[in-house]
file work.txt (compact mmCIF, C-alpha atoms)
# COMPACT_ATOMS: atom_id res chain seq x y z
CA MET A 1 77.67 -115.41 131.16
CA ALA A 2 75.29 -118.30 131.62
CA GLU A 3 76.48 -121.28 133.64
CA VAL A 4 74.69 -124.58 134.06
CA ALA A 5 75.90 -127.38 136.34
CA THR A 6 74.67 -130.91 135.72
CA SER A 7 75.42 -134.28 137.27
CA ALA A 8 75.01 -137.63 135.58
CA SER A 9 72.91 -139.81 137.87
CA SER A 10 74.17 -143.38 138.31
CA SER A 11 70.62 -144.71 138.12
CA ALA A 12 69.92 -142.82 134.89
CA ASN A 13 73.27 -143.45 133.30
CA SER A 14 75.40 -146.12 134.94
CA SER A 15 78.11 -145.73 132.30
CA ALA A 16 79.01 -142.16 133.26
CA ARG A 17 82.73 -141.83 133.90
CA SER A 18 84.09 -140.37 137.10
CA VAL A 19 85.30 -137.20 135.45
CA SER A 20 84.40 -133.58 136.12
CA LEU A 21 84.24 -131.31 133.09
CA LEU A 22 84.09 -127.57 132.49
CA VAL A 23 82.51 -127.09 129.07
CA VAL A 24 83.19 -123.60 127.68
CA VAL A 25 81.07 -122.91 124.59
CA ASP A 26 82.48 -120.21 122.32
CA PRO A 27 79.79 -117.70 121.23
CA VAL A 28 80.83 -118.05 117.57
CA ALA A 29 80.10 -121.78 117.76
CA ARG A 30 76.65 -121.11 119.23
CA ARG A 31 75.81 -118.76 116.39
CA ALA A 32 77.34 -120.91 113.65
CA ASP A 33 75.92 -124.34 114.59
CA GLY A 34 73.66 -124.39 117.62
CA GLU A 35 72.53 -127.95 116.93
CA SER A 36 76.08 -129.34 117.08
CA VAL A 37 76.66 -127.41 120.32
CA ARG A 38 73.51 -128.94 121.82
CA ILE A 39 74.54 -132.46 120.77
CA ALA A 40 78.03 -132.00 122.21
CA LYS A 41 76.65 -130.78 125.54
CA ASP A 42 74.23 -133.71 125.74
CA VAL A 43 76.93 -136.31 125.03
CA LEU A 44 79.39 -134.77 127.48
CA SER A 45 76.80 -134.37 130.23
CA ALA A 46 75.66 -137.97 129.81
CA GLY A 47 79.20 -139.36 129.80
CA ALA A 48 80.75 -137.47 132.72
CA SER A 49 79.96 -137.65 136.41
CA SER A 50 79.73 -133.86 136.63
CA THR A 51 79.54 -131.21 133.92
CA LYS A 52 79.52 -127.44 134.26
CA VAL A 53 78.57 -125.62 131.07
CA CYS A 54 79.62 -121.99 130.57
CA LEU A 55 78.20 -119.80 127.80
CA PRO A 56 80.49 -116.73 127.67
CA ASP A 57 79.38 -113.74 125.63
CA GLY A 58 82.89 -112.59 124.67
CA PRO A 59 86.65 -113.11 125.09
CA GLU A 60 86.78 -111.67 128.62
CA GLU A 61 84.10 -114.03 129.92
CA PHE A 62 85.71 -116.90 127.98
CA ALA A 63 89.01 -116.20 129.77
CA ARG A 64 87.33 -115.79 133.15
CA ALA A 65 85.56 -119.15 132.83
CA LEU A 66 88.78 -120.93 131.89
CA ARG A 67 90.72 -119.34 134.75
CA ARG A 68 88.04 -120.39 137.26
CA ARG A 69 88.00 -124.04 136.15
CA GLY A 70 89.22 -125.35 139.52
CA SER A 71 89.79 -129.10 139.35
CA ARG A 72 87.48 -129.56 136.36
CA ARG A 73 88.96 -130.62 133.01
CA PRO A 74 88.32 -127.85 130.47
CA VAL A 75 86.53 -128.67 127.23
CA VAL A 76 86.37 -125.95 124.56
CA VAL A 77 83.45 -126.16 122.14
CA GLY A 78 84.49 -123.93 119.26
CA ASP A 79 86.68 -123.55 116.20
CA ASP A 80 90.39 -122.94 115.64
CA ARG A 81 90.23 -119.41 117.05
CA ALA A 82 88.66 -120.62 120.29
CA LEU A 83 91.37 -123.27 120.66
CA LEU A 84 94.11 -120.71 120.01
CA ARG A 85 92.55 -118.31 122.51
CA ALA A 86 92.48 -121.02 125.18
CA VAL A 87 96.09 -122.11 124.59
CA ALA A 88 97.33 -118.51 124.50
CA LEU A 89 95.55 -117.73 127.77
CA LEU A 90 96.96 -120.78 129.57
CA HIS A 91 100.43 -120.03 128.18
CA ARG A 92 100.25 -116.42 129.30
CA HIS A 93 99.46 -117.53 132.85
CA ARG A 94 102.04 -120.35 132.67
CA GLU A 95 99.39 -123.02 133.23
CA LEU A 96 99.81 -125.11 130.06
CA ALA A 97 102.00 -127.72 131.69
CA ALA A 98 99.39 -128.59 134.30
CA CYS A 99 96.22 -128.18 132.23
CA GLY A 100 95.39 -130.45 129.33
CA LEU A 101 92.73 -129.26 126.89
CA SER A 102 89.88 -131.07 125.21
CA VAL A 103 88.12 -129.65 122.14
CA VAL A 104 84.87 -130.30 120.32
CA PRO A 105 85.37 -128.56 116.94
CA VAL A 106 82.33 -126.44 116.04
CA GLY A 107 82.40 -123.28 113.94
CA PRO A 108 83.49 -121.82 110.61
CA VAL A 109 87.30 -122.26 110.86
CA LEU A 110 88.31 -125.86 111.51
CA GLY A 111 91.47 -126.50 109.48
CA LEU A 112 93.79 -126.51 112.50
CA THR A 113 91.63 -128.79 114.64
CA ARG A 114 91.40 -131.27 111.75
CA SER A 115 95.16 -131.15 111.25
CA LEU A 116 95.68 -132.02 114.92
CA GLY A 117 93.61 -135.19 114.54
CA LEU A 118 90.36 -134.14 116.20
CA PRO A 119 87.12 -135.71 114.86
CA SER A 120 84.87 -133.33 112.93
CA GLY A 121 81.45 -134.60 114.02
CA ALA A 122 79.97 -133.39 117.31
CA VAL A 123 79.20 -136.89 118.60
CA ALA A 124 82.57 -138.38 117.65
CA ALA A 125 84.46 -135.38 119.05
CA ALA A 126 82.53 -135.45 122.33
CA ARG A 127 83.12 -139.21 122.67
CA ALA A 128 86.84 -138.59 122.08
CA VAL A 129 86.81 -136.11 124.98
CA LEU A 130 85.38 -138.81 127.23
CA ASP A 131 87.27 -141.86 125.96
CA GLY A 132 90.44 -140.41 124.42
CA ALA A 133 93.90 -139.89 125.84
CA GLU A 134 95.99 -136.77 126.36
CA ARG A 135 98.97 -136.32 124.07
CA ARG A 136 101.71 -133.81 124.72
CA LEU A 137 102.42 -131.71 121.63
CA ASP A 138 105.17 -129.29 120.69
CA LEU A 139 104.50 -125.57 120.55
CA LEU A 140 106.17 -122.62 118.85
CA VAL A 141 106.58 -119.55 121.05
CA ASP A 142 107.77 -116.29 119.47
CA ASP A 143 109.76 -113.46 121.00
CA SER A 144 106.56 -111.51 121.72
CA ASP A 145 105.20 -114.49 123.73
CA GLY A 146 102.78 -115.46 120.96
CA VAL A 147 102.03 -119.15 120.43
CA VAL A 148 101.71 -121.25 117.27
CA LEU A 149 100.11 -124.69 117.28
CA GLY A 150 100.18 -125.63 113.60
CA ALA A 151 102.32 -123.60 111.21
CA VAL A 152 103.89 -120.26 110.39
CA GLY A 153 103.73 -119.03 106.79
CA ILE A 154 105.74 -116.05 105.52
CA GLY A 155 105.53 -114.60 102.05
CA PRO A 156 106.35 -111.51 100.00
CA VAL A 157 107.68 -108.51 101.92
CA ALA A 158 105.77 -105.31 101.29
CA GLY A 159 104.77 -102.54 103.65
CA ASP A 160 101.32 -102.30 102.07
CA GLN A 161 100.85 -106.03 101.57
CA ASP A 162 97.29 -107.30 101.94
CA GLU A 163 96.77 -109.23 105.17
CA GLY A 164 95.87 -112.45 103.42
CA ALA A 165 98.63 -112.30 100.81
CA PHE A 166 101.41 -114.64 101.73
CA VAL A 167 102.94 -117.67 100.15
CA GLY A 168 102.93 -120.85 102.16
CA PRO A 169 104.14 -124.35 101.32
CA ASP A 170 102.45 -126.09 98.42
CA ASP A 171 103.44 -129.75 98.28
CA ASP A 172 101.25 -130.60 95.33
CA ALA A 173 101.28 -127.51 93.11
CA ALA A 174 104.86 -126.24 93.06
CA PRO A 175 107.76 -128.02 91.37
CA GLY A 176 110.35 -129.12 93.88
CA TRP A 177 108.26 -128.08 96.91
CA SER A 178 108.30 -131.41 98.66
CA ARG A 179 108.25 -132.72 102.17
CA PRO A 180 111.81 -133.16 103.46
CA ALA A 181 112.87 -136.77 103.81
CA SER A 182 113.74 -136.20 107.47
CA ALA A 183 110.23 -135.09 108.40
CA PRO A 184 108.26 -137.44 110.67
CA ALA A 185 105.55 -139.41 108.92
CA TRP A 186 102.74 -137.92 110.99
CA PRO A 187 99.52 -137.34 108.99
CA TRP A 188 98.73 -134.16 110.96
CA LEU A 189 102.07 -132.59 110.00
CA ARG A 190 101.32 -132.87 106.29
CA THR A 191 97.80 -131.61 106.95
CA CYS A 192 99.25 -128.57 108.73
CA ARG A 193 101.20 -127.76 105.59
CA SER A 194 98.05 -128.23 103.52
CA LEU A 195 96.26 -125.86 105.92
CA VAL A 196 98.80 -123.13 105.21
CA ARG A 197 98.34 -123.71 101.48
CA THR A 198 94.55 -123.50 101.61
CA LEU A 199 94.66 -120.25 103.59
CA ALA A 200 96.82 -118.62 100.90
CA PRO A 201 95.29 -116.99 97.83
CA SER A 202 96.07 -118.32 94.37
CA ARG A 203 99.44 -117.21 93.10
CA PRO A 204 99.42 -114.78 90.18
CA ALA A 205 101.37 -115.70 87.08
CA ARG A 206 104.96 -114.50 87.18
CA THR A 207 106.64 -113.07 84.16
CA GLY A 208 109.43 -111.09 85.75
CA ALA A 209 112.86 -111.97 87.01
CA PRO A 210 114.05 -112.91 90.48
CA GLY A 211 113.64 -110.04 92.88
CA ALA A 212 110.39 -108.81 91.28
CA THR A 213 107.07 -108.66 93.12
CA GLY A 214 106.39 -112.10 94.59
CA SER A 215 109.86 -112.60 96.08
CA SER A 216 111.40 -111.15 99.22
CA ARG A 217 114.78 -110.59 100.77
CA LEU A 218 114.88 -112.37 104.11
CA ARG A 219 117.52 -113.80 106.37
CA VAL A 220 116.48 -117.15 107.85
CA GLU A 221 118.57 -118.57 110.68
CA VAL A 222 118.08 -121.97 112.28
CA ASP A 223 119.82 -122.49 115.62
CA GLY A 224 122.09 -119.56 114.79
CA VAL A 225 123.14 -120.94 111.38
CA THR A 226 122.10 -118.90 108.32
CA LEU A 227 119.97 -120.96 105.95
CA VAL A 228 119.38 -118.11 103.49
CA ASP A 229 120.65 -114.52 103.56
CA LEU A 230 119.43 -111.17 102.30
CA ASP A 231 121.28 -111.50 98.98
CA GLN A 232 118.98 -114.35 97.90
CA PRO A 233 115.32 -113.82 96.88
CA VAL A 234 112.77 -115.85 98.82
CA GLU A 235 109.24 -116.70 97.73
CA GLY A 236 108.03 -118.28 100.95
CA VAL A 237 109.04 -119.64 104.32
CA SER A 238 107.23 -122.16 106.50
CA VAL A 239 107.94 -123.21 110.08
CA VAL A 240 106.09 -126.21 111.53
CA PRO A 241 106.55 -127.93 114.91
CA GLY A 242 108.05 -131.30 114.02
CA ALA A 243 109.24 -133.98 116.41
CA ASP A 244 111.61 -134.27 119.36
CA GLY A 245 111.48 -130.57 120.11
CA GLU A 246 112.57 -129.42 116.65
CA ALA A 247 110.84 -127.36 113.99
CA GLU A 248 110.69 -128.22 110.30
CA VAL A 249 111.83 -125.18 108.28
CA GLU A 250 111.35 -124.84 104.52
CA VAL A 251 112.53 -121.87 102.44
CA ARG A 252 111.23 -121.71 98.90
CA PRO A 253 113.27 -119.83 96.29
CA PRO A 254 111.41 -118.24 93.37
CA ALA A 255 110.71 -120.77 90.60
CA TRP A 256 111.11 -118.95 87.29
CA GLY A 257 110.09 -121.63 84.84
CA ALA A 258 112.46 -124.24 86.28
CA GLN A 259 112.33 -126.81 89.04
CA VAL A 260 113.84 -125.37 92.19
CA SER A 261 114.08 -127.45 95.34
CA PRO A 262 113.38 -125.78 98.68
CA LEU A 263 116.00 -125.36 101.33
CA THR A 264 115.13 -127.38 104.43
CA ALA A 265 116.44 -127.53 107.98
CA ARG A 266 115.47 -128.64 111.46
CA GLY A 267 116.16 -126.81 114.67
CA ARG A 268 114.86 -125.53 117.97
CA THR A 269 115.10 -121.81 117.24
CA VAL A 270 114.19 -120.06 113.98
CA THR A 271 114.80 -116.36 113.33
CA VAL A 272 113.52 -114.51 110.26
CA SER A 273 114.61 -110.93 109.61
CA GLY A 274 114.74 -108.41 106.79
CA ALA A 275 112.46 -105.70 105.46
CA HIS A 276 109.03 -105.39 107.06
CA PHE A 277 107.07 -108.60 106.55
CA ARG A 278 103.78 -110.08 107.64
CA TYR A 279 103.31 -113.69 108.66
CA ARG A 280 100.43 -116.03 109.30
CA ALA A 281 100.59 -118.01 112.53
CA ASP A 282 97.85 -120.63 112.40
CA ALA A 283 94.75 -118.60 111.44
CA VAL A 284 96.09 -115.20 112.55
CA VAL A 285 97.96 -112.68 110.37
CA SER A 286 100.50 -110.56 112.26
CA GLY A 287 102.97 -107.80 111.45
CA PRO A 288 104.55 -106.07 109.74
CA VAL A 289 107.73 -106.77 111.72
CA ARG A 290 111.43 -106.57 110.88
CA THR A 291 112.43 -109.66 112.83
CA ARG A 292 110.73 -112.54 114.61
CA THR A 293 112.13 -115.54 116.45
CA TRP A 294 110.25 -118.76 117.13
CA GLU A 295 111.40 -121.29 119.70
CA VAL A 296 110.11 -124.85 119.96
CA ARG A 297 108.78 -125.88 123.37
CA GLU A 298 108.77 -129.65 123.45
CA GLY A 299 105.60 -131.26 124.81
CA ALA A 300 104.44 -127.86 126.03
CA TRP A 301 100.70 -128.46 125.79
CA GLY A 302 98.32 -131.38 126.14
CA LEU A 303 95.37 -132.19 123.87
CA THR A 304 92.87 -135.05 124.29
CA LEU A 305 92.84 -137.08 121.08
CA PRO A 306 90.98 -140.26 120.11
CA ALA A 307 92.53 -143.38 121.59
CA ARG A 308 94.67 -145.24 119.07
call {"tool": "encode", "arguments": {"input": "work.txt", "output": "structure tokens"}}
result
Amino acid sequence: MAEVATSASSSANSSARSVSLLVVVDPVARRADGESVRIAKDVLSAGASSTKVCLPDGPEEFARALRRRGSRRPVVVGDDRALLRAVALLHRHRELAACGLSVVPVGPVLGLTRSLGLPSGAVAAARAVLDGAERRLDLLVDDSDGVVLGAVGIGPVAGDQDEGAFVGPDDDAAPGWSRPASAPAWPWLRTCRSLVRTLAPSRPARTGAPGATGSSRLRVEVDGVTLVDLDQPVEGVSVVPGADGEAEVEVRPPAWGAQVSPLTARGRTVTVSGAHFRYRADAVVSGPVRTRTWEVREGAWGLTLPAR
């Protein structure tokens, strides 16, 4: 792993802030867009009093660099997967509360970082690292200690289901699939739902009856109260961190030629159980599992976002 330490000289750059950064550049970002990586490093090095740049070759070196950050503020240059890796690592070592993250989005998978409000350009994102402010955001933690930053999407139950085949929320395309009135009017929350939709494949035409391929039998419980039980077919479920330590839960019944409104609820703990099912948490497909519980951790992690 290559490491380069630089200091911004006051004579060369009198505007450099008194901040010490650890810039960890994901290898995927270096391969995908080396020019954006170079620009980000230049802007960060010029704007901070001290910058240490780490170029890990793989996940183990990425983790080692983050763990050895000392008093430096960590900046991840990478895509959604690099951000998720960093948050999962800090959560696993119970360091999220004391360590805010900064991100310069670079790479092929950027839907989550956009949904969180991070700028897409290397210069704008690097300036946000230097001039922005940390915001505490809610986090979903499941019963296997996995973390979710944006959204969970669950679709048809099938033991041989393709990894990418799930049905997420579709505000614009499905009759009755609308944002609940109680949801907070945060642009990034709607974008998270759009992210789940764009990651899902197009739905095939349905000509069968409820209970045919495309629907599942799931029990969904919110804070111990059953929202839908195994006797009702389900087309899709979404769980999104909302506001005030609660998750937004939407359960979509099959729409067989008629407008069907989703069931919605808010709560701190969401349990889904039934036959084996897969689910997509952010950009990662997991399962099959028979049951999974997600708990909201309010303000569990910090992310530097552009100043309002």
call {"tool": "atom_distance", "arguments": {"input": "work.txt", "atom1": "CA of Val123 (chain A)", "atom2": "CA of Gly34 (chain A)"}}
result
13.7 Å
call {"tool": "closest_residue", "arguments": {"input": "work.txt", "among": "A:Val43, A:Val37, A:Leu116, A:Leu139", "to": "Leu96 (chain A)", "atoms": "all atoms listed in the file"}}
result
A:Leu139
call {"tool": "closest_residue", "arguments": {"input": "work.txt", "among": "A:Ala98, A:Val240, A:Leu130, A:Leu22", "to": "Ser115 (chain A)", "atoms": "all atoms listed in the file"}}
result
A:Val240
call {"tool": "residues_around", "arguments": {"input": "work.txt", "residues": "region 271-273 of chain A", "least_positions_apart": "2", "cutoff": "8 Å", "atoms": "only C-alpha atoms", "output": "VMD selection string"}}
result
chain A and resid 218 to 222 269 275 290 to 294
call {"tool": "atom_distance", "arguments": {"input": "work.txt", "atom1": "CA of Gly121 (chain A)", "atom2": "CA of Ala133 (chain A)"}}
result
18.0 Å
call {"tool": "atom_distance", "arguments": {"input": "work.txt", "atom1": "CA of Asp57 (chain A)", "atom2": "CA of Ala29 (chain A)"}}
result
11.3 Å
call {"tool": "closest_residue", "arguments": {"input": "work.txt", "among": "A:Asp79, A:Leu140, A:Ala243, A:Arg217", "to": "Val270 (chain A)", "atoms": "only C-alpha atoms"}}
result
A:Leu140
call {"tool": "residues_around", "arguments": {"input": "work.txt", "residues": "Ala283 (chain A)", "least_positions_apart": "2", "cutoff": "8 Å", "atoms": "all atoms listed in the file", "output": "PyMOL selection string"}}
result
chain A and resi 80-81+280-281+285
call {"tool": "axis_aligned_box", "arguments": {"input": "work.txt", "around": "region 111-115 of chain A", "padding_each_side": "5 Å", "output": "JSON"}}
result
{"center_x": 93.3, "center_y": -128.9, "center_z": 112.1, "size_x": 13.8, "size_y": 14.8, "size_z": 15.2}
call {"tool": "closest_residue", "arguments": {"input": "work.txt", "among": "A:Val76, A:Val225, A:Ile154, A:Leu230", "to": "Arg252 (chain A)", "atoms": "all atoms listed in the file"}}
result
A:Ile154
call {"tool": "residues_near_point", "arguments": {"input": "work.txt", "point": "(79.0, -126.4, 118.5)", "cutoff": "9 Å", "atoms": "all atoms listed in the file", "output": "PyMOL selection string"}}
result
chain A and resi 25-26+28-41+77-79+104-107+122
call {"tool": "write_last_selection", "arguments": {"input": "work.txt", "atoms": "C-alpha atoms", "output": "compact mmCIF listing (two decimals), in the coordinates of the input"}}
result
# COMPACT_ATOMS: atom_id res chain seq x y z
CA VAL A 25 81.07 -122.91 124.59
CA ASP A 26 82.48 -120.21 122.32
CA VAL A 28 80.83 -118.05 117.57
CA ALA A 29 80.10 -121.78 117.76
CA ARG A 30 76.65 -121.11 119.23
CA ARG A 31 75.81 -118.76 116.39
CA ALA A 32 77.34 -120.91 113.65
CA ASP A 33 75.92 -124.34 114.59
CA GLY A 34 73.66 -124.39 117.62
CA GLU A 35 72.53 -127.95 116.93
CA SER A 36 76.08 -129.34 117.08
CA VAL A 37 76.66 -127.41 120.32
CA ARG A 38 73.51 -128.94 121.82
CA ILE A 39 74.54 -132.46 120.77
CA ALA A 40 78.03 -132.00 122.21
CA LYS A 41 76.65 -130.78 125.54
CA VAL A 77 83.45 -126.16 122.14
CA GLY A 78 84.49 -123.93 119.26
CA ASP A 79 86.68 -123.55 116.20
CA VAL A 104 84.87 -130.30 120.32
CA PRO A 105 85.37 -128.56 116.94
CA VAL A 106 82.33 -126.44 116.04
CA GLY A 107 82.40 -123.28 113.94
CA ALA A 122 79.97 -133.39 117.31
call {"tool": "residues_around", "arguments": {"input": "work.txt", "residues": "Asp131 (chain A)", "least_positions_apart": "2", "cutoff": "8 Å", "atoms": "all atoms listed in the file", "output": "list in words"}}
result
Arg127, Ala128, Val129, Ala133, Pro306 and Ala307 of chain A
call {"tool": "residues_around", "arguments": {"input": "work.txt", "residues": "Glu246 (chain A)", "least_positions_apart": "2", "cutoff": "8 Å", "atoms": "all atoms listed in the file", "output": "list in words"}}
result
Pro241, Gly242, Ala243, Asp244, Glu248, Arg266, Gly267, Arg268, Val296 and Glu298 of chain A
call {"tool": "closest_residue", "arguments": {"input": "work.txt", "among": "A:Ala63, A:Val23, A:Val141, A:Leu110", "to": "Trp301 (chain A)", "atoms": "all atoms listed in the file"}}
result
A:Val141
call {"tool": "closest_residue", "arguments": {"input": "work.txt", "among": "A:Glu95, A:Val284, A:Leu21, A:Ala82", "to": "Cys54 (chain A)", "atoms": "all atoms listed in the file"}}
result
A:Leu21
